[in-house]
Amino acid sequence: MAPLSTLTFDTAFRPDIGARVDVAPGLARITAPNGSPYTFTGTNSFLIGKASVALVDPGPEDAAHLESLHRAIDGRPLTAILLTHTHRDHSAAAATLAQRYGVPLWFGGQHRLSRPLRRFERNPIKRSCDWDLVPDRTLLDGETIAAGDMSVTVHTTPGHCANHLAFGLEDILLSGDHVMGWNSTLVAVPDGSMADYFASLDKVITLPYRRYHPAHGGPIANGRAHAEALRAHRQMRNEQLLAAVGNGARTLGAVVKVIYPTQPAKIRMAASMTMMAHVEYLEARGALKVTRGIFGMRLASA
Ligand SMILES: [Zn+2]
């Protein structure tokens with residue numbers, strides 16, 4: 001058996017909502033007032049740069065937050081707006097601000113699904129996505145771009161959604177929703193993909209960044225160790241899913257009841273979305289048999 005990495009979540013983080021918090025030289029965090037079960041204490045916007053700055057993830061279109069961002073920019077030239085991805089809690093204010101400041105909008109390409117929709121299938125998080133936002137420049141894996149008077153390296157990290165990016169500056173990774181310290185990442189198919197998510201965890205584990213600053217919650221002191229623990233956690237969910245089906249669970253609902261027996265409804269909804277992503281992951285690897293019919297999905301051991 002593989003050694004278990006211990007996964008711990010930091011839920012004690014309390015942001016100073018709206019304030020500019022300098023977290024490293026040339027990196028400031030401004031947390032938006034959009035806390036919720038899915039966004040934890042709210043979306044973290046970041047400013048990169050010293051005499052001139054770039055804005056990462058402007059967040060929701062909330063007047064108070066836009067005012068906080070303006071105060072944090074503090075008259076310095078803004079060079080570009082970057083997005084880790086196009087879920088609306090990160091991107092809703094992007095078009096307004098790009099126009100207001102006259103700056104370009106850079107991200108990993110227009111919002112897209114990780115795979116085409118099946119017949120009769122619906123995207124459970126369709127309304128959380130910014131379908132119409134078009135980048136002025138599509139950022140590519142491995143390229144180094146100017147961010148204010150600093151530079152960042154772009155890393156494609158699909159999984160949470162198809163156009164997800166992480167940004168590296170010196171020994172810091174802005175990890176977006178890919179790796180977070182407060183909770184595991186929601187992977188909802190077909191917006192996201194568990195196979196992509198595993199591959200993107202493997203990817204960041206090999207990159208030389210130490211400290212991670214996620215888009216929700218506080219910083220992660222040892223980001224790679226945390227990414228490894230998240231990987232082990234997802235692998236454990238794969239095994240629990242196979243065991244539940246082996247013990248007779250035939251539907252997604254039955255599996256979720258076995259694996260998350262005591263979770264509140266809202267968390268259980270996220271859990272069943274992520275469990276669905278595990279089903280597809282294991283099915284594609286021939287470890288699980290899935291029969292889809294008009295009455296839903298039946299699971300069986302392969
Ligand atoms: Zn988010």
# chains A, B, ... in the order shown; residues from 1 in each chain; ligands from 1
>>> residues_around(residues="range 10-18 of chain A", least_positions_apart="2", cutoff="9 Å", atoms="only C-alpha atoms", output="PyMOL selection string")
chain A and resi 8+20-21+30-33+40-42+64-65+67-69+72+181-183+217-220
>>> residues_near_ligand(ligand="ligand 1", cutoff="10 Å", atoms="only C-alpha atoms and all ligand atoms", output="ChimeraX atom specification")
/A:38-40,42-44,57,59,84-91,128,160,176-178,180,185-186,214-216
>>> closest_residue(among="A:Glu121, A:Arg112, A:Pro60, A:Ala199", to="Ala92 in chain A", atoms="only C-alpha atoms")
A:Pro60
>>> closest_atom_pairs(of="range 152-239 of chain A", to="range 135-147 of chain A", cutoff="8 Å", atoms="only C-alpha atoms", output="JSON lines")
{"residue": "A:Val152", "atom": "CA", "partner": "A:Thr144", "partner_atom": "CA", "distance": 5.5}
{"residue": "A:Thr153", "atom": "CA", "partner": "A:Thr144", "partner_atom": "CA", "distance": 4.3}
{"residue": "A:Val154", "atom": "CA", "partner": "A:Gly142", "partner_atom": "CA", "distance": 5.3}
{"residue": "A:His155", "atom": "CA", "partner": "A:Asp141", "partner_atom": "CA", "distance": 4.9}
{"residue": "A:Thr156", "atom": "CA", "partner": "A:Asp141", "partner_atom": "CA", "distance": 5.2}
>>> select_by_dssp(residues="range 31-256 of chain A", states="helix (DSSP H, G or I)", output="PyMOL selection string")
chain A and resi 63-73+88-91+94-101+126-128+194-206+223-246+252-256
>>> write_last_selection(atoms="C-alpha atoms", output="compact mmCIF listing (two decimals), in the first residue's frame")
# COMPACT_ATOMS: atom_id res chain seq x y z
CA ALA A 63 -19.50 47.92 -6.11
CA ALA A 64 -17.71 47.72 -2.74
CA HIS A 65 -15.16 45.22 -4.08
CA LEU A 66 -14.47 47.31 -7.21
CA GLU A 67 -13.90 50.29 -4.91
CA SER A 68 -11.50 48.20 -2.77
CA LEU A 69 -9.58 47.16 -5.89
CA HIS A 70 -9.36 50.78 -7.04
CA ARG A 71 -8.01 51.81 -3.62
CA ALA A 72 -5.47 48.96 -3.68
CA ILE A 73 -4.26 49.90 -7.18
CA ARG A 88 -18.21 33.99 -12.44
CA ASP A 89 -16.96 34.33 -8.85
CA HIS A 90 -13.56 35.09 -10.49
CA SER A 91 -14.46 36.75 -13.76
CA ALA A 94 -13.47 41.47 -15.65
CA ALA A 95 -15.15 43.09 -18.66
CA THR A 96 -16.28 46.15 -16.68
CA LEU A 97 -12.81 46.73 -15.23
CA ALA A 98 -10.97 46.08 -18.51
CA GLN A 99 -13.09 48.79 -20.07
CA ARG A 100 -12.87 51.19 -17.13
CA TYR A 101 -9.05 51.00 -16.97
CA LYS A 126 -23.79 26.16 -16.37
CA ARG A 127 -24.96 29.38 -14.71
CA SER A 128 -21.68 29.80 -12.82
CA MET A 194 -11.16 14.22 -12.95
CA ALA A 195 -8.55 12.81 -15.36
CA ASP A 196 -7.42 16.37 -16.14
CA TYR A 197 -7.51 17.22 -12.43
CA PHE A 198 -5.20 14.32 -11.52
CA ALA A 199 -2.84 15.27 -14.38
CA SER A 200 -2.76 18.90 -13.22
CA LEU A 201 -2.01 17.84 -9.63
CA ASP A 202 0.88 15.72 -10.96
CA LYS A 203 2.00 18.75 -12.94
CA VAL A 204 2.15 21.27 -10.08
CA ILE A 205 3.86 18.71 -7.84
CA THR A 206 6.79 18.72 -10.31
CA GLY A 223 1.96 23.84 -1.64
CA ARG A 224 3.48 20.76 -3.25
CA ALA A 225 3.01 18.62 -0.14
CA HIS A 226 -0.60 19.78 0.03
CA ALA A 227 -1.11 18.96 -3.68
CA GLU A 228 0.29 15.47 -2.98
CA ALA A 229 -2.10 15.04 -0.06
CA LEU A 230 -5.01 16.15 -2.25
CA ARG A 231 -3.93 13.59 -4.83
CA ALA A 232 -3.89 10.82 -2.21
CA HIS A 233 -7.32 11.99 -1.03
CA ARG A 234 -8.81 11.76 -4.55
CA GLN A 235 -7.19 8.34 -4.97
CA MET A 236 -8.85 7.27 -1.71
CA ARG A 237 -12.22 8.45 -3.09
CA ASN A 238 -11.60 6.27 -6.19
CA GLU A 239 -11.05 3.28 -3.92
CA GLN A 240 -14.08 4.06 -1.72
CA LEU A 241 -16.26 4.36 -4.81
CA LEU A 242 -15.11 0.99 -6.16
CA ALA A 243 -15.65 -0.59 -2.72
CA ALA A 244 -19.17 0.88 -2.41
CA VAL A 245 -20.12 -0.48 -5.84
CA GLY A 246 -18.49 -3.82 -4.94
CA LEU A 252 -24.60 7.65 -7.62
CA GLY A 253 -26.97 8.52 -4.76
CA ALA A 254 -26.29 5.21 -3.03
CA VAL A 255 -22.53 5.69 -3.39
CA VAL A 256 -22.64 9.24 -1.98
>>> atom_distance(atom1="CA of Asn123 in chain A", atom2="CA of His111 in chain A")
12.9 Å
>>> closest_residue(among="A:Ala93, A:Leu165, A:Val134, A:Leu174", to="Leu27 in chain A", atoms="only C-alpha atoms")
A:Leu174
>>> select_by_dssp(residues="range 101-189 of chain A", states="strand (DSSP E or B)", output="PyMOL selection string")
chain A and resi 105-107+129+137-138+144-147+150-156+165-169+172-176
>>> write_last_selection(atoms="N, CA, C and O atoms", output="short mmCIF file (atom, residue, chain, number, x, y, z; two decimals), in the first residue's frame")
data_model
loop_
_atom_site.label_atom_id
_atom_site.label_comp_id
_atom_site.auth_asym_id
_atom_site.auth_seq_id
_atom_site.Cartn_x
_atom_site.Cartn_y
_atom_site.Cartn_z
N LEU A 105 -7.50 41.90 -21.42
CA LEU A 105 -7.95 40.80 -20.58
C LEU A 105 -7.29 39.53 -21.10
O LEU A 105 -7.47 39.16 -22.26
N TRP A 106 -6.52 38.88 -20.23
CA TRP A 106 -5.74 37.70 -20.65
C TRP A 106 -6.16 36.49 -19.82
O TRP A 106 -6.14 36.55 -18.59
N PHE A 107 -6.49 35.40 -20.50
CA PHE A 107 -6.75 34.14 -19.78
C PHE A 107 -6.64 32.95 -20.72
O PHE A 107 -6.20 33.09 -21.86
N CYS A 129 -20.77 29.85 -15.07
CA CYS A 129 -19.71 30.03 -16.06
C CYS A 129 -19.92 31.30 -16.88
O CYS A 129 -21.04 31.67 -17.16
N ARG A 137 -6.04 38.08 -25.29
CA ARG A 137 -4.91 37.21 -25.58
C ARG A 137 -5.14 35.92 -24.83
O ARG A 137 -5.47 35.94 -23.63
N THR A 138 -4.99 34.79 -25.53
CA THR A 138 -5.12 33.48 -24.88
C THR A 138 -3.75 33.06 -24.38
O THR A 138 -2.79 32.97 -25.15
N THR A 144 6.10 33.12 -20.34
CA THR A 144 6.31 34.12 -19.29
C THR A 144 5.77 35.44 -19.82
O THR A 144 6.09 35.84 -20.93
N ILE A 145 4.93 36.08 -19.01
CA ILE A 145 4.27 37.30 -19.46
C ILE A 145 4.53 38.41 -18.45
O ILE A 145 4.80 38.15 -17.27
N ALA A 146 4.41 39.65 -18.92
CA ALA A 146 4.57 40.79 -18.03
C ALA A 146 3.31 40.94 -17.19
O ALA A 146 2.19 40.79 -17.67
N ALA A 147 3.52 41.20 -15.89
CA ALA A 147 2.40 41.48 -14.97
C ALA A 147 2.82 42.71 -14.18
O ALA A 147 3.63 42.62 -13.26
N MET A 150 6.48 43.24 -12.98
CA MET A 150 7.05 41.92 -12.70
C MET A 150 6.65 40.99 -13.83
O MET A 150 6.01 41.40 -14.79
N SER A 151 7.06 39.73 -13.73
CA SER A 151 6.62 38.79 -14.75
C SER A 151 6.17 37.50 -14.08
O SER A 151 6.62 37.16 -12.98
N VAL A 152 5.24 36.81 -14.73
CA VAL A 152 4.73 35.55 -14.20
C VAL A 152 4.80 34.48 -15.30
O VAL A 152 4.78 34.80 -16.49
N THR A 153 4.89 33.24 -14.86
CA THR A 153 4.89 32.12 -15.80
C THR A 153 3.52 31.46 -15.75
O THR A 153 2.96 31.25 -14.67
N VAL A 154 2.99 31.17 -16.93
CA VAL A 154 1.64 30.61 -17.07
C VAL A 154 1.73 29.08 -17.04
O VAL A 154 2.57 28.50 -17.72
N HIS A 155 0.86 28.45 -16.25
CA HIS A 155 0.78 26.98 -16.23
C HIS A 155 -0.67 26.56 -16.44
O HIS A 155 -1.53 26.90 -15.61
N THR A 156 -0.94 25.85 -17.52
CA THR A 156 -2.30 25.34 -17.72
C THR A 156 -2.54 24.24 -16.69
O THR A 156 -1.72 23.35 -16.50
N LEU A 165 -5.91 28.18 -15.25
CA LEU A 165 -4.47 28.49 -15.25
C LEU A 165 -3.99 28.73 -13.83
O LEU A 165 -4.75 29.17 -12.97
N ALA A 166 -2.72 28.44 -13.60
CA ALA A 166 -2.05 28.89 -12.38
C ALA A 166 -0.90 29.79 -12.83
O ALA A 166 -0.38 29.65 -13.94
N PHE A 167 -0.54 30.75 -11.97
CA PHE A 167 0.50 31.73 -12.32
C PHE A 167 1.65 31.64 -11.33
O PHE A 167 1.43 31.73 -10.11
N GLY A 168 2.87 31.47 -11.86
CA GLY A 168 4.03 31.36 -10.99
C GLY A 168 4.83 32.64 -10.96
O GLY A 168 5.07 33.25 -12.01
N LEU A 169 5.18 33.11 -9.76
CA LEU A 169 6.11 34.23 -9.65
C LEU A 169 7.10 33.92 -8.54
O LEU A 169 6.71 33.70 -7.41
N ILE A 172 6.42 31.48 -5.65
CA ILE A 172 4.99 31.50 -5.30
C ILE A 172 4.15 31.02 -6.49
O ILE A 172 4.43 31.36 -7.63
N LEU A 173 3.12 30.23 -6.21
CA LEU A 173 2.15 29.86 -7.25
C LEU A 173 0.78 30.40 -6.86
O LEU A 173 0.28 30.13 -5.76
N LEU A 174 0.20 31.22 -7.75
CA LEU A 174 -1.21 31.58 -7.59
C LEU A 174 -2.00 30.41 -8.15
O LEU A 174 -2.06 30.21 -9.36
N SER A 175 -2.56 29.60 -7.25
CA SER A 175 -3.08 28.29 -7.66
C SER A 175 -4.56 28.30 -7.99
O SER A 175 -5.13 27.25 -8.30
N GLY A 176 -5.20 29.48 -7.93
CA GLY A 176 -6.61 29.56 -8.32
C GLY A 176 -7.48 28.62 -7.51
O GLY A 176 -7.35 28.53 -6.28
#
>>> closest_residue(among="A:Gly35, A:Gly108, A:Gly102, A:Pro158", to="Leu82 in chain A", atoms="only C-alpha atoms")
A:Gly108
>>> closest_residue(among="A:Pro261, A:Ala277, A:Asp132, A:Gly248", to="Ser114 in chain A", atoms="only C-alpha atoms")
A:Ala277
